[in-house]
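Chemist: Have a look at the structure that comes next, please.
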Amino acid sequence: MSPETIARWQFGITTVYHYFFVPVTIALSLLVAVMQTKWYRTGDERFLRLTKFYGKLFLINFAMGVVTGIVQEFQFGMNWSEYSRFVGDIFGAPLALEALLAFFLESTFLGLWIFGWDKLPKKLHLLAIWLVAFGTMLSAVFILAANSFMQNPVGATYNPVTNRAEMTDFMALLTNPVFLATFPHTLAAAYMTASGFVLAVAGWHLARLNKANRTELEDNDVSAFRWAAKFGAWVLIISGLATVLTGDFQGKVMYQVQPMKMAAAEALYETAGGNGESAPFSLLTIGSLDGSRPVFELHVPFVLGILAKGDPYAEIPGINNLRDEYTSRLDAGEFNLPVDAEPNELQAAYAQTLRTVGVDNFVPNIPVSYWTFRIMMTLGFIAMGIGAVTLWLLRKDRLPKPGAVLNLALLAVVLGPLFANSAGWIFTEMGRQPWIVAGVLPTASAVSPGVGAGSVFATMVLYTVIYGILAVVEVGLMIKYVKLGLPAEVPPVELKGEDDVLSFAY
């Protein structure tokens with residue numbers, strides 16, 4: 001395999017693994033803040049115990065996210081130096097702000113929250129966890145702004161003297177239509193993941209406590225976990241609906257800036273719709289081995305036009321038609337990805353130079369694009385269904401009964417949104433190919449020229465082994481502290497003097 005292929009595998013493996021922790025970190029911080037707010041306002045010890053219980057699980061996940069995320073930045077310099085050289089001034093700005101503003105904000109106040117239980121006034125301690133939650137979302141702002149530039153490179157132009165892209169408008173990065181669609185969709189999907197986790201843990205404990213002769217302490221646990229399970233179910237359903245609505249908006253933006261990605265997501269080989277005919281949504285398409293034509297198709301009429309343009313009779317260009325269009329544009333030195341939108345400034349400025357690069361394939365991996373899009377949606381709807389069933393099962397003080405079906409459902413409500421997030425990002429990145437910066441820089445042109453395949457392969461194996469070990473540690477810690485259940489409440493410690501020893505809050 002070429003260095004480019006191995007570098008892509010390495011970045012894909014480390015990124016997908018890292019993103020297992022990101023949505024839980026983003027959303028669980030705010031869910032814990034809500035629990036602590038309930039305790040602050042009501043004085044009910046159930047919410048204090050829930051805060052400390054889920055707070056500990058949040059901390060484990062946060063630590064693993066930090067450890068696995070450090071590798072990402074290094075890869076830009078090690079394996080993708082040409083990418084860093086070409087767009088470093090633009091891509092580096094939001095990444096720098098993410099570290100200087102968001103990460104330091106969340107890490108600083110997370111430290112105050114961990115060690116400040118008996119040291120800070122209740123109101124200030126509560127403020128700390130809310131600032132942590134704000135910091136995690138602010139971090140998502142800058143990371144997604146950087147990624148959205150790769151999907152739709154705005155606020156920049158090309159300087160042929162330096163052979164680099166240069167920023168012309170930083171605010172354009174934060175008003176990028178792709179970012180405005182991706183940010184709420186990513187947040188909603190993150191809340192699906194974290195709420196599914198809260199629901200699953202609470203549901204497992206409720207099933208365990210579903211017995212006639214409970215102690216008073218176990219009755220208190222039942223009351224607390226019942227609230228957590230319902231809370232998780234409601235957040236899951238609401239965030240799921242938000243994910244659907246924002247996903248619809250994101251699909252329309254995706255069609256505007258990357259019509260080939262939309263066509264690949266539907267395995268739409270030939271232009272469909274227009275002239276009073278509907279563009280169908282594919283329920284199942286089986287393509288030929290070379291990916292050039294469909295062999296079997298099962299469609300639903302009207303849906304694709306609504307997803308792409310809000311018009312059931314809209315004309316949606318197919319893969320083959322777009323490939324021919326892009327080839328002719330490249331030959332003419334007027335390359336631009338949008339079909340029926342204004343030309344992108346950076347794409348237009350770089351078009352003449354792009355002719356010399358030799359791009360000869362504008363089609364992404366169709367099976368990966370097609371199936372990850374459907375896996376994402378299917379797993380999300382399954383999780384929402386489990387959330388609705390949970391509310392039904394817990395009505396009138398009922399408790400779930402332990403068994404294989406319940407265990408499978410609880411596992412699905414955790415892993416479903418988690419894997420749906422991963423499938424969504426795989427679709428987003430793989431559907432953009434062959435571009436690392438859409439319509440400008442091909443992925444093949446972005447790798448480090450001095451790094452051989454052997455070096456990249458060795459580091460890929462090393463990272464995979466280390467991440468595998470970390471996965472065992474993460475799962476082991478999570479299972480251990482989930483099984484321990486709610487902590488017994490301990491009265492606040494009163495410091496009597498300067499020589500008193502400060503103890504870790506957990």
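A note on labels: chains of the structure tokens are A, B, ... as shown, every chain counts residues from 1, and ligands are counted from 1 in their shown order.
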Within 10 Å of Asn365 in chain A, counting only C-alpha atoms, which residues qualify if same-chain residues fewer than 5 places away don't, as an MDAnalysis selection string?
Modeler: chainID A and resid 261 264:265 291 370 427 430:434
Chemist: According to DSSP computed on the backbone, where in range 82-275 of chain A is there strand (DSSP E or B)? Give the residues as an NGL selection string.
Modeler: :A and (156-159 or 164-167 or 272 or 274)
Chemist: Identify, on the basis of only C-alpha atoms, every residue whose closest approach to Val437 in chain A does not exceed 9 Å; exclude the query and any residue fewer than 6 positions from it along the same chain; express the result as a ChimeraX atom specification.
Modeler: /A:83,87,149-153,443
Chemist: Quick one: write out the picked residues with C-alpha atoms as an mmCIF file, in the first residue's frame?
Modeler:
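Saved file result28.cif follows:
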data_model
loop_
_atom_site.group_PDB
_atom_site.id
_atom_site.type_symbol
_atom_site.label_atom_id
_atom_site.label_comp_id
_atom_site.auth_asym_id
_atom_site.auth_seq_id
_atom_site.Cartn_x
_atom_site.Cartn_y
_atom_site.Cartn_z
ATOM 1 C CA TYR A 83 -1.841 19.680 3.973
ATOM 2 C CA VAL A 87 -3.882 25.449 4.646
ATOM 3 C CA PHE A 149 -13.591 24.469 6.080
ATOM 4 C CA MET A 150 -12.388 21.138 4.704
ATOM 5 C CA GLN A 151 -15.922 20.406 3.490
ATOM 6 C CA ASN A 152 -16.583 23.899 2.101
ATOM 7 C CA PRO A 153 -13.423 26.070 2.014
ATOM 8 C CA THR A 443 -5.896 13.787 -0.451
#
Chemist: What is the distance, in Å and to one decimal place, between CA of Ala7 in chain A and CA of Phe91 in chain A?
Modeler: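 Pair CA of Ala7 in chain A / CA of Phe91 in chain A returns 19.0 Å.
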Chemist: Which residues come within 8 Å of range 378-389 of chain A, counting only C-alpha atoms, excluding same-chain residues fewer than 2 positions away, as a list in words?
Modeler: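 Once the nearby chain positions are removed, what remains is Gly196, Gly232, Ala233, Trp234, Leu236, Ile237, Gly240, Arg374, Ile375, Met376, Leu391, Trp392, Leu393, Ala409, Ala412, Val413, Gly416, Pro417, Phe419 and Ala420 of chain A.
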Chemist: Per residue of range 163-266 of chain A within 8 Å of range 9-23 of chain A, which atom pair is closest and at what distance in Å (one decimal), using only C-alpha atoms, listed by chain and increasing number, as JSON lines?
Modeler:
{"residue": "A:Leu187", "atom": "CA", "partner": "A:Pro23", "partner_atom": "CA", "distance": 7.7}
{"residue": "A:Ala189", "atom": "CA", "partner": "A:Pro23", "partner_atom": "CA", "distance": 7.5}
{"residue": "A:Ala190", "atom": "CA", "partner": "A:Pro23", "partner_atom": "CA", "distance": 4.2}
{"residue": "A:Tyr191", "atom": "CA", "partner": "A:Pro23", "partner_atom": "CA", "distance": 7.2}
{"residue": "A:Thr193", "atom": "CA", "partner": "A:Pro23", "partner_atom": "CA", "distance": 6.5}
{"residue": "A:Ala194", "atom": "CA", "partner": "A:Pro23", "partner_atom": "CA", "distance": 6.9}
Chemist: How would you write, as an MDAnalysis selection string, the set of residues in range 42-138 of chain A that DSSP gives as alpha helix (DSSP H)?
Modeler: chainID A and resid 42 45:78 81:97 104:115 122:138
Chemist: Ranking A:Ala444, A:Met254, A:Leu50, A:Leu484 by minimum distance to Met35 in chain A and counting only C-alpha atoms, which one comes first?
Modeler: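 For Met35 in chain A, the nearest of the candidates is A:Leu50.
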Chemist: Do you know which residues are at most 10 Å from Val440 in chain A counting only C-alpha atoms, after dropping those on the same chain fewer than 3 positions away, and could you put them as a ChimeraX atom specification?
Modeler: /A:150,152-153,158,165,335-337,344,346-351,353-354,435-437,443
Chemist: Restricting the output to N, CA and C atoms, write the selected residues as an mmCIF file, in the first residue's frame.
Modeler:
data_model
loop_
_atom_site.group_PDB
_atom_site.id
_atom_site.type_symbol
_atom_site.label_atom_id
_atom_site.label_comp_id
_atom_site.auth_asym_id
_atom_site.auth_seq_id
_atom_site.Cartn_x
_atom_site.Cartn_y
_atom_site.Cartn_z
ATOM 1 N N MET A 150 -12.811 22.213 5.590
ATOM 2 C CA MET A 150 -12.388 21.138 4.704
ATOM 3 C C MET A 150 -13.537 20.688 3.797
ATOM 4 N N ASN A 152 -16.190 22.755 2.927
ATOM 5 C CA ASN A 152 -16.583 23.899 2.101
ATOM 6 C C ASN A 152 -15.615 25.040 2.399
ATOM 7 N N PRO A 153 -14.506 25.129 1.659
ATOM 8 C CA PRO A 153 -13.423 26.070 2.014
ATOM 9 C C PRO A 153 -13.781 27.520 1.741
ATOM 10 N N TYR A 158 -6.311 31.685 -2.914
ATOM 11 C CA TYR A 158 -5.051 31.027 -3.245
ATOM 12 C C TYR A 158 -4.015 32.048 -3.671
ATOM 13 N N ALA A 165 -2.877 28.432 0.486
ATOM 14 C CA ALA A 165 -4.162 29.092 0.712
ATOM 15 C C ALA A 165 -3.984 30.107 1.830
ATOM 16 N N PHE A 335 -12.629 24.787 -12.388
ATOM 17 C CA PHE A 335 -13.175 23.764 -11.506
ATOM 18 C C PHE A 335 -13.895 24.378 -10.313
ATOM 19 N N ASN A 336 -15.068 23.793 -10.007
ATOM 20 C CA ASN A 336 -15.877 24.254 -8.889
ATOM 21 C C ASN A 336 -16.870 23.141 -8.554
ATOM 22 N N LEU A 337 -16.983 22.762 -7.268
ATOM 23 C CA LEU A 337 -17.836 21.637 -6.908
ATOM 24 C C LEU A 337 -19.330 21.945 -6.988
ATOM 25 N N ASN A 344 -17.155 28.802 -5.451
ATOM 26 C CA ASN A 344 -16.373 28.945 -4.228
ATOM 27 C C ASN A 344 -15.077 29.687 -4.550
ATOM 28 N N LEU A 346 -12.015 29.978 -3.133
ATOM 29 C CA LEU A 346 -10.747 29.245 -3.115
ATOM 30 C C LEU A 346 -10.705 28.209 -4.232
ATOM 31 N N GLN A 347 -11.811 27.517 -4.451
ATOM 32 C CA GLN A 347 -11.856 26.537 -5.542
ATOM 33 C C GLN A 347 -11.620 27.206 -6.891
ATOM 34 N N ALA A 348 -12.237 28.358 -7.089
ATOM 35 C CA ALA A 348 -12.073 29.064 -8.366
ATOM 36 C C ALA A 348 -10.649 29.578 -8.536
ATOM 37 N N ALA A 349 -10.049 30.094 -7.457
ATOM 38 C CA ALA A 349 -8.699 30.647 -7.542
ATOM 39 C C ALA A 349 -7.658 29.563 -7.788
ATOM 40 N N TYR A 350 -7.922 28.349 -7.311
ATOM 41 C CA TYR A 350 -6.947 27.259 -7.425
ATOM 42 C C TYR A 350 -7.185 26.406 -8.678
ATOM 43 N N ALA A 351 -8.249 26.690 -9.418
ATOM 44 C CA ALA A 351 -8.658 25.806 -10.503
ATOM 45 C C ALA A 351 -7.568 25.598 -11.544
ATOM 46 N N THR A 353 -4.297 25.848 -11.190
ATOM 47 C CA THR A 353 -3.219 25.031 -10.626
ATOM 48 C C THR A 353 -3.645 23.584 -10.488
ATOM 49 N N LEU A 354 -4.920 23.361 -10.166
ATOM 50 C CA LEU A 354 -5.421 21.999 -9.974
ATOM 51 C C LEU A 354 -5.285 21.164 -11.241
ATOM 52 N N TRP A 435 -10.963 14.409 -1.976
ATOM 53 C CA TRP A 435 -10.452 15.692 -1.509
ATOM 54 C C TRP A 435 -10.178 15.677 -0.013
ATOM 55 N N ILE A 436 -9.082 16.298 0.391
ATOM 56 C CA ILE A 436 -8.875 16.587 1.797
ATOM 57 C C ILE A 436 -9.391 17.993 2.101
ATOM 58 N N VAL A 437 -9.306 18.898 1.132
ATOM 59 C CA VAL A 437 -10.016 20.177 1.139
ATOM 60 C C VAL A 437 -10.886 20.160 -0.103
ATOM 61 N N THR A 443 -6.502 14.481 -1.594
ATOM 62 C CA THR A 443 -5.896 13.787 -0.451
ATOM 63 C C THR A 443 -4.516 13.246 -0.804
#
Chemist: Select, from A:Leu101, A:Ala438, A:Ile286, A:Val253, the residue with the minimum atom-to-atom distance to Asn147 in chain A, counting only C-alpha atoms.
Modeler: A:Ala438
Chemist: If we count only C-alpha atoms and set the cut-off at 12 Å, which residues sit around Phe53 in chain A, ignoring sequence neighbours fewer than 5 positions away in its own chain? Please answer as a ChimeraX atom specification.
Modeler: /A:28,32,35-36,46-48,58-60,198,201-202,221,224-225,228,478,480-489,505-506
Chemist: Please produce an output containing N, CA and C atoms for each residue in the selection, written as an mmCIF file, in the first residue's frame.
Modeler:
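Now in again04.cif:
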data_model
loop_
_atom_site.group_PDB
_atom_site.id
_atom_site.type_symbol
_atom_site.label_atom_id
_atom_site.label_comp_id
_atom_site.auth_asym_id
_atom_site.auth_seq_id
_atom_site.Cartn_x
_atom_site.Cartn_y
_atom_site.Cartn_z
ATOM 1 N N LEU A 28 -22.539 14.637 28.428
ATOM 2 C CA LEU A 28 -22.676 14.160 29.810
ATOM 3 C C LEU A 28 -22.307 15.249 30.800
ATOM 4 N N VAL A 32 -24.816 16.090 33.833
ATOM 5 C CA VAL A 32 -24.375 16.100 35.240
ATOM 6 C C VAL A 32 -24.642 17.462 35.861
ATOM 7 N N MET A 35 -28.189 17.579 36.915
ATOM 8 C CA MET A 35 -28.393 16.817 38.151
ATOM 9 C C MET A 35 -27.944 17.616 39.374
ATOM 10 N N GLN A 36 -26.778 18.259 39.275
ATOM 11 C CA GLN A 36 -26.292 19.039 40.403
ATOM 12 C C GLN A 36 -27.182 20.259 40.648
ATOM 13 N N ARG A 46 -30.912 12.564 46.533
ATOM 14 C CA ARG A 46 -30.884 11.690 45.355
ATOM 15 C C ARG A 46 -30.053 12.321 44.240
ATOM 16 N N PHE A 47 -30.250 13.603 44.035
ATOM 17 C CA PHE A 47 -29.567 14.278 42.932
ATOM 18 C C PHE A 47 -28.094 14.498 43.229
ATOM 19 N N LEU A 48 -27.743 14.649 44.489
ATOM 20 C CA LEU A 48 -26.321 14.737 44.838
ATOM 21 C C LEU A 48 -25.625 13.414 44.562
ATOM 22 N N PHE A 58 -18.207 10.396 33.970
ATOM 23 C CA PHE A 58 -17.822 11.469 33.061
ATOM 24 C C PHE A 58 -16.319 11.733 33.112
ATOM 25 N N LEU A 59 -15.744 11.733 34.313
ATOM 26 C CA LEU A 59 -14.316 12.002 34.463
ATOM 27 C C LEU A 59 -13.467 10.918 33.799
ATOM 28 N N ILE A 60 -13.883 9.675 33.934
ATOM 29 C CA ILE A 60 -13.143 8.581 33.284
ATOM 30 C C ILE A 60 -13.152 8.787 31.772
ATOM 31 N N VAL A 198 -26.810 7.342 30.146
ATOM 32 C CA VAL A 198 -27.481 7.565 31.431
ATOM 33 C C VAL A 198 -28.646 6.603 31.586
ATOM 34 N N VAL A 201 -27.403 2.777 32.123
ATOM 35 C CA VAL A 201 -26.864 2.518 33.459
ATOM 36 C C VAL A 201 -27.985 2.492 34.497
ATOM 37 N N ALA A 202 -28.877 3.472 34.428
ATOM 38 C CA ALA A 202 -29.989 3.518 35.370
ATOM 39 C C ALA A 202 -30.919 2.324 35.180
ATOM 40 N N ASP A 221 -32.237 4.162 46.231
ATOM 41 C CA ASP A 221 -31.553 3.953 44.956
ATOM 42 C C ASP A 221 -32.553 3.808 43.810
ATOM 43 N N ALA A 224 -33.869 7.198 42.846
ATOM 44 C CA ALA A 224 -32.873 7.988 42.121
ATOM 45 C C ALA A 224 -32.693 7.469 40.692
ATOM 46 N N PHE A 225 -32.553 6.155 40.549
ATOM 47 C CA PHE A 225 -32.316 5.605 39.208
ATOM 48 C C PHE A 225 -33.565 5.701 38.331
ATOM 49 N N ALA A 228 -33.334 9.060 36.901
ATOM 50 C CA ALA A 228 -32.262 9.116 35.895
ATOM 51 C C ALA A 228 -32.667 8.428 34.605
ATOM 52 N N MET A 478 -15.156 1.646 33.604
ATOM 53 C CA MET A 478 -16.575 1.966 33.509
ATOM 54 C C MET A 478 -17.420 0.881 34.179
ATOM 55 N N LYS A 480 -16.550 -1.289 36.425
ATOM 56 C CA LYS A 480 -16.291 -1.317 37.869
ATOM 57 C C LYS A 480 -17.120 -0.273 38.604
ATOM 58 N N TYR A 481 -17.102 0.962 38.114
ATOM 59 C CA TYR A 481 -17.779 2.032 38.840
ATOM 60 C C TYR A 481 -19.274 2.063 38.569
ATOM 61 N N VAL A 482 -19.715 1.508 37.439
ATOM 62 C CA VAL A 482 -21.152 1.352 37.228
ATOM 63 C C VAL A 482 -21.714 0.342 38.227
ATOM 64 N N LYS A 483 -21.018 -0.764 38.421
ATOM 65 C CA LYS A 483 -21.487 -1.802 39.343
ATOM 66 C C LYS A 483 -21.501 -1.323 40.793
ATOM 67 N N LEU A 484 -20.594 -0.411 41.149
ATOM 68 C CA LEU A 484 -20.560 0.092 42.521
ATOM 69 C C LEU A 484 -21.833 0.850 42.880
ATOM 70 N N GLY A 485 -22.490 1.406 41.901
ATOM 71 C CA GLY A 485 -23.746 2.086 42.146
ATOM 72 C C GLY A 485 -23.567 3.444 42.789
ATOM 73 N N LEU A 486 -24.678 3.974 43.302
ATOM 74 C CA LEU A 486 -24.675 5.313 43.884
ATOM 75 C C LEU A 486 -23.835 5.346 45.147
ATOM 76 N N PRO A 487 -23.054 6.400 45.328
ATOM 77 C CA PRO A 487 -22.249 6.500 46.551
ATOM 78 C C PRO A 487 -23.129 6.838 47.748
ATOM 79 N N ALA A 488 -22.734 6.346 48.913
ATOM 80 C CA ALA A 488 -23.411 6.736 50.147
ATOM 81 C C ALA A 488 -23.033 8.171 50.455
ATOM 82 N N GLU A 489 -24.015 8.996 50.800
ATOM 83 C CA GLU A 489 -23.725 10.411 51.015
ATOM 84 C C GLU A 489 -22.982 10.620 52.328
ATOM 85 N N ALA A 505 -12.210 14.468 46.247
ATOM 86 C CA ALA A 505 -13.647 14.502 46.493
ATOM 87 C C ALA A 505 -14.327 13.155 46.282
ATOM 88 N N TYR A 506 -13.717 12.318 45.458
ATOM 89 C CA TYR A 506 -14.355 11.033 45.190
ATOM 90 C C TYR A 506 -13.698 9.918 45.987
#
Chemist: So how many Å separate CA of Ser422 in chain A and CA of Ser84 in chain A, to one decimal?
Modeler: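 Rounded to one decimal, the two atoms are 24.6 Å apart.
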